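Everything on this sheet refers to the single structure shown next.
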Amino acid sequence: VPGEDSVGICSANEFLTRVNLMRAWQPDAPTPLMDFRGRRVAVFGAGNTAIDSARTALRLGAGEVSIIYRRSEAEMPARRDEIEHAREEGIRFVFLAAPLRFLSDERGWLTAVELQRMRLGEPDESGRRSPQPIEGDVFTMEIERAVVAIGNAPNKLLARTGGVEFTRRGTIQVDPESMQTTRAGVFAGGDVVTGGATVIEAMRAGRKAASAIHAWLSSK
């Protein structure tokens with residue numbers, strides 16, 4: 001998105017890691033976090049990480065926090081209780097909107113985001129309705145901080161691993177019981193297989209893969 005390098009924008013991974021593990025919210029932290037107190041914050045995404053980011057921003061003193069999602073609430077992948085808790089805390093939801101560009105002042109600091117209104121089209125092969133832009137329906141929202149929580153994609157270097165096949169979503173194809181890929185002796189689990197999910201699911205995949213690896217090595 002044009003302007004995504006403006007000062008005041010960070011990824012959810014960086015934001016949550018620095019707050020939770022590096023205690024960057026403390027004034028005397030080695031790498032202090034930018035000030036969120038009283039600021040208008042926008043979080044882009046609709047998964048559990050986006051909800052975590054929005055609620056964390058609120059606890060850092062943000063004046064107003066909005067979650068912006070290009071689909072409707074019905075399509076949000078976040079847990080329903082997380083959504084309700086965020087709403088109870090006063091977090092605002094802006095549905096069917098996607099960022100076109102970020103705006104900044106002469107110093108490079110984020111000042112606003114230009115958003116495209118969306119509508120949901122026909123369901124795709126998976127049954128999910130794809131968002132489509134409504135031509136000419138663009139609006140601007142003033143913000144001072146932004147957290148991008150739209151998920152991660154598998155590293156493209158993985159495609160160089162011969163014999164490992166991928167799904168049409170770009171994730172690694174595995175046997176769901178053993179977590180073995182289409183290449184013998186190579187196992188995978190976690191987000192690189194499921195797409196963005198939870199730590200618990202990744203841990204379960206790791207345990208299944210470890211048992212399968214032990215059995216595979218024992219048979220050699």
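In the structure tokens, chains take the letters A, B, ... in the order shown, each chain's residues start at 1, and ligands count up from 1 in the order shown.
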Can you tell me, as a CSV table (one decimal) with C-alpha atoms, in the first residue's frame, what residues are no more than 6 Å from Leu96 of chain A when counting only C-alpha atoms, ignoring any on the same chain fewer than 3 positions away?
chain,number,residue,atom,x,y,z
A,69,TYR,CA,-11.6,-5.1,7.6
A,70,ARG,CA,-12.3,-5.5,4.0
A,71,ARG,CA,-15.1,-8.1,4.6
A,72,SER,CA,-18.1,-8.1,6.9
A,117,ARG,CA,-15.5,0.9,0.3
A,118,MET,CA,-16.0,-2.8,-0.6
DSSP on the backbone: what in segment 12-194 of chain A comes out helix (DSSP H, G or I), as a ChimeraX atom specification? /A:12-20,48-59,73-75,80-88,156-160,191-194
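The spacing separating atom CA of Pro30 of chain A from atom CA of Thr17 of chain A amounts to 14.0 Å.
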Mind giving me the straight-line distance from atom CA of Ala12 of chain A to atom CA of Arg145 of chain A in Å, one decimal? 12.0 Å
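Excluding segment 212-219 of chain A itself and any same-chain residue fewer than 6 positions from it, the protein and nucleic acid residues within 8 Å of it, counting only C-alpha atoms, are A:Ser178, A:Met179, A:Gln180, A:Gly185, A:Phe187.
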Please produce an output containing N, CA and C atoms for each residue in the selection, written as a PDB file, in the first residue's frame.
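Written out: selection-v6.pdb:
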ATOM      1  N   SER A 178       0.322 -37.507   9.897  1.00  0.00           N
ATOM      2  CA  SER A 178       1.754 -37.574  10.196  1.00  0.00           C
ATOM      3  C   SER A 178       2.465 -36.242  10.027  1.00  0.00           C
ATOM      4  N   MET A 179       1.826 -35.294   9.360  1.00  0.00           N
ATOM      5  CA  MET A 179       2.415 -33.995   9.042  1.00  0.00           C
ATOM      6  C   MET A 179       3.590 -34.125   8.065  1.00  0.00           C
ATOM      7  N   GLN A 180       3.707 -35.274   7.402  1.00  0.00           N
ATOM      8  CA  GLN A 180       4.766 -35.445   6.409  1.00  0.00           C
ATOM      9  C   GLN A 180       4.346 -34.776   5.101  1.00  0.00           C
ATOM     10  N   GLY A 185      10.420 -37.936   4.422  1.00  0.00           N
ATOM     11  CA  GLY A 185      11.387 -37.486   5.409  1.00  0.00           C
ATOM     12  C   GLY A 185      11.355 -36.002   5.709  1.00  0.00           C
ATOM     13  N   PHE A 187       8.921 -33.004   7.076  1.00  0.00           N
ATOM     14  CA  PHE A 187       7.676 -32.778   7.806  1.00  0.00           C
ATOM     15  C   PHE A 187       7.450 -31.282   8.004  1.00  0.00           C
TER      16      PHE A 187
END
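With only C-alpha atoms as the atoms that count, the minimum distance from Glu114 of chain A to the choices A:Val199, A:Val138, A:Ile91, A:Val174 is reached by A:Val138.
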From a backbone DSSP assignment, name each residue in segment 86-123 of chain A labelled strand (DSSP E), as a PDB file with N, CA and C atoms, in the first residue's frame.
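Written output follows (part_15.pdb):
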ATOM      1  N   ARG A  92     -13.733   0.244  17.955  1.00  0.00           N
ATOM      2  CA  ARG A  92     -14.638   0.482  16.834  1.00  0.00           C
ATOM      3  C   ARG A  92     -14.302  -0.457  15.676  1.00  0.00           C
ATOM      4  N   PHE A  93     -15.332  -0.931  14.970  1.00  0.00           N
ATOM      5  CA  PHE A  93     -15.127  -1.810  13.821  1.00  0.00           C
ATOM      6  C   PHE A  93     -15.583  -1.102  12.551  1.00  0.00           C
ATOM      7  N   VAL A  94     -14.718  -1.106  11.548  1.00  0.00           N
ATOM      8  CA  VAL A  94     -15.053  -0.527  10.241  1.00  0.00           C
ATOM      9  C   VAL A  94     -14.980  -1.665   9.231  1.00  0.00           C
ATOM     10  N   ALA A  97     -14.071  -2.221   4.114  1.00  0.00           N
ATOM     11  CA  ALA A  97     -13.194  -1.107   3.752  1.00  0.00           C
ATOM     12  C   ALA A  97     -11.765  -1.631   3.635  1.00  0.00           C
ATOM     13  N   ALA A  98     -11.061  -1.182   2.605  1.00  0.00           N
ATOM     14  CA  ALA A  98      -9.675  -1.613   2.379  1.00  0.00           C
ATOM     15  C   ALA A  98      -8.795  -0.399   2.132  1.00  0.00           C
ATOM     16  N   PRO A  99      -7.560  -0.402   2.645  1.00  0.00           N
ATOM     17  CA  PRO A  99      -6.688   0.764   2.473  1.00  0.00           C
ATOM     18  C   PRO A  99      -6.196   0.919   1.030  1.00  0.00           C
ATOM     19  N   LEU A 100      -6.251   2.152   0.539  1.00  0.00           N
ATOM     20  CA  LEU A 100      -5.713   2.482  -0.779  1.00  0.00           C
ATOM     21  C   LEU A 100      -4.334   3.115  -0.659  1.00  0.00           C
ATOM     22  N   ARG A 101      -4.184   4.004   0.341  1.00  0.00           N
ATOM     23  CA  ARG A 101      -2.888   4.635   0.584  1.00  0.00           C
ATOM     24  C   ARG A 101      -2.887   5.305   1.949  1.00  0.00           C
ATOM     25  N   PHE A 102      -1.687   5.427   2.514  1.00  0.00           N
ATOM     26  CA  PHE A 102      -1.504   6.124   3.776  1.00  0.00           C
ATOM     27  C   PHE A 102      -0.996   7.531   3.481  1.00  0.00           C
ATOM     28  N   LEU A 103      -1.472   8.489   4.257  1.00  0.00           N
ATOM     29  CA  LEU A 103      -1.071   9.878   4.084  1.00  0.00           C
ATOM     30  C   LEU A 103      -0.207  10.306   5.266  1.00  0.00           C
ATOM     31  N   SER A 104       0.748  11.190   5.006  1.00  0.00           N
ATOM     32  CA  SER A 104       1.646  11.641   6.071  1.00  0.00           C
ATOM     33  C   SER A 104       1.917  13.131   5.924  1.00  0.00           C
ATOM     34  N   LEU A 110       2.511   9.606  10.005  1.00  0.00           N
ATOM     35  CA  LEU A 110       1.180   9.203   9.552  1.00  0.00           C
ATOM     36  C   LEU A 110       0.116  10.187  10.026  1.00  0.00           C
ATOM     37  N   THR A 111      -0.784  10.563   9.117  1.00  0.00           N
ATOM     38  CA  THR A 111      -1.884  11.479   9.473  1.00  0.00           C
ATOM     39  C   THR A 111      -3.259  10.910   9.123  1.00  0.00           C
ATOM     40  N   ALA A 112      -3.335  10.047   8.115  1.00  0.00           N
ATOM     41  CA  ALA A 112      -4.637   9.544   7.682  1.00  0.00           C
ATOM     42  C   ALA A 112      -4.455   8.342   6.768  1.00  0.00           C
ATOM     43  N   VAL A 113      -5.563   7.653   6.508  1.00  0.00           N
ATOM     44  CA  VAL A 113      -5.571   6.557   5.547  1.00  0.00           C
ATOM     45  C   VAL A 113      -6.761   6.745   4.610  1.00  0.00           C
ATOM     46  N   GLU A 114      -6.518   6.519   3.346  1.00  0.00           N
ATOM     47  CA  GLU A 114      -7.580   6.596   2.348  1.00  0.00           C
ATOM     48  C   GLU A 114      -8.132   5.190   2.149  1.00  0.00           C
ATOM     49  N   LEU A 115      -9.440   5.051   2.310  1.00  0.00           N
ATOM     50  CA  LEU A 115     -10.071   3.731   2.294  1.00  0.00           C
ATOM     51  C   LEU A 115     -11.051   3.581   1.143  1.00  0.00           C
ATOM     52  N   GLN A 116     -11.076   2.373   0.605  1.00  0.00           N
ATOM     53  CA  GLN A 116     -11.994   2.029  -0.475  1.00  0.00           C
ATOM     54  C   GLN A 116     -13.158   1.227   0.100  1.00  0.00           C
ATOM     55  N   ARG A 117     -14.366   1.662  -0.140  1.00  0.00           N
ATOM     56  CA  ARG A 117     -15.534   0.879   0.275  1.00  0.00           C
ATOM     57  C   ARG A 117     -15.616  -0.388  -0.578  1.00  0.00           C
ATOM     58  N   MET A 118     -15.968  -1.484   0.070  1.00  0.00           N
ATOM     59  CA  MET A 118     -16.044  -2.772  -0.603  1.00  0.00           C
ATOM     60  C   MET A 118     -17.451  -3.367  -0.499  1.00  0.00           C
ATOM     61  N   ARG A 119     -17.721  -4.320  -1.342  1.00  0.00           N
ATOM     62  CA  ARG A 119     -18.928  -5.134  -1.242  1.00  0.00           C
ATOM     63  C   ARG A 119     -18.518  -6.583  -1.436  1.00  0.00           C
ATOM     64  N   LEU A 120     -19.333  -7.504  -0.948  1.00  0.00           N
ATOM     65  CA  LEU A 120     -19.002  -8.920  -1.080  1.00  0.00           C
ATOM     66  C   LEU A 120     -19.597  -9.479  -2.361  1.00  0.00           C
ATOM     67  N   GLY A 121     -18.743 -10.137  -3.153  1.00  0.00           N
ATOM     68  CA  GLY A 121     -19.180 -10.733  -4.399  1.00  0.00           C
ATOM     69  C   GLY A 121     -19.714 -12.137  -4.189  1.00  0.00           C
ATOM     70  N   GLU A 122     -19.764 -12.893  -5.259  1.00  0.00           N
ATOM     71  CA  GLU A 122     -20.246 -14.267  -5.193  1.00  0.00           C
ATOM     72  C   GLU A 122     -19.236 -15.169  -4.483  1.00  0.00           C
ATOM     73  N   PRO A 123     -19.699 -16.240  -3.851  1.00  0.00           N
ATOM     74  CA  PRO A 123     -18.781 -17.158  -3.164  1.00  0.00           C
ATOM     75  C   PRO A 123     -17.801 -17.808  -4.143  1.00  0.00           C
TER      76      PRO A 123
END
Which residues are close to Ile9 of chain A, i.e. within 8 Å by only C-alpha atoms, leaving aside same-chain residues fewer than 4 positions away? Reply as a PDB file with N, CA and C atoms, in the first residue's frame.
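Dumped everything to result-v3.pdb:
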ATOM      1  N   GLU A   4       3.002   3.064   3.134  1.00  0.00           N
ATOM      2  CA  GLU A   4       3.080   2.141   4.269  1.00  0.00           C
ATOM      3  C   GLU A   4       4.391   2.279   5.042  1.00  0.00           C
ATOM      4  N   ASP A   5       5.329   3.043   4.474  1.00  0.00           N
ATOM      5  CA  ASP A   5       6.590   3.288   5.173  1.00  0.00           C
ATOM      6  C   ASP A   5       6.545   4.566   6.013  1.00  0.00           C
ATOM      7  N   LEU A 110       2.511   9.606  10.005  1.00  0.00           N
ATOM      8  CA  LEU A 110       1.180   9.203   9.552  1.00  0.00           C
ATOM      9  C   LEU A 110       0.116  10.187  10.026  1.00  0.00           C
ATOM     10  N   ARG A 145      -1.582   6.382  14.278  1.00  0.00           N
ATOM     11  CA  ARG A 145      -0.832   5.149  14.436  1.00  0.00           C
ATOM     12  C   ARG A 145      -1.582   4.050  13.686  1.00  0.00           C
ATOM     13  N   ALA A 146      -0.845   3.105  13.115  1.00  0.00           N
ATOM     14  CA  ALA A 146      -1.470   1.984  12.413  1.00  0.00           C
ATOM     15  C   ALA A 146      -0.700   0.708  12.702  1.00  0.00           C
ATOM     16  N   VAL A 147      -1.435  -0.376  12.880  1.00  0.00           N
ATOM     17  CA  VAL A 147      -0.837  -1.691  13.082  1.00  0.00           C
ATOM     18  C   VAL A 147      -1.391  -2.603  11.989  1.00  0.00           C
ATOM     19  N   VAL A 148      -0.494  -3.207  11.221  1.00  0.00           N
ATOM     20  CA  VAL A 148      -0.904  -4.066  10.106  1.00  0.00           C
ATOM     21  C   VAL A 148      -0.888  -5.521  10.570  1.00  0.00           C
TER      22      VAL A 148
END
Excluding same-chain residues fewer than 2 positions from Val164 of chain A, what lies within 12 Å of it counting only C-alpha atoms, as a ChimeraX atom specification? /A:157-162,166-167,170-175,180-188,193
Any idea what's packed within 12 Å of Ala57 of chain A, counting only C-alpha atoms, ignoring anything in its chain fewer than 4 positions away? Could you give it as number ranges by chain? A: 12, 15-16, 19, 25, 33-43, 50-53, 61-67, 86, 89-91, 145-147
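Pairwise distance (atom CA of Arg80 of chain A, atom CA of Phe95 of chain A) equals 15.6 Å.
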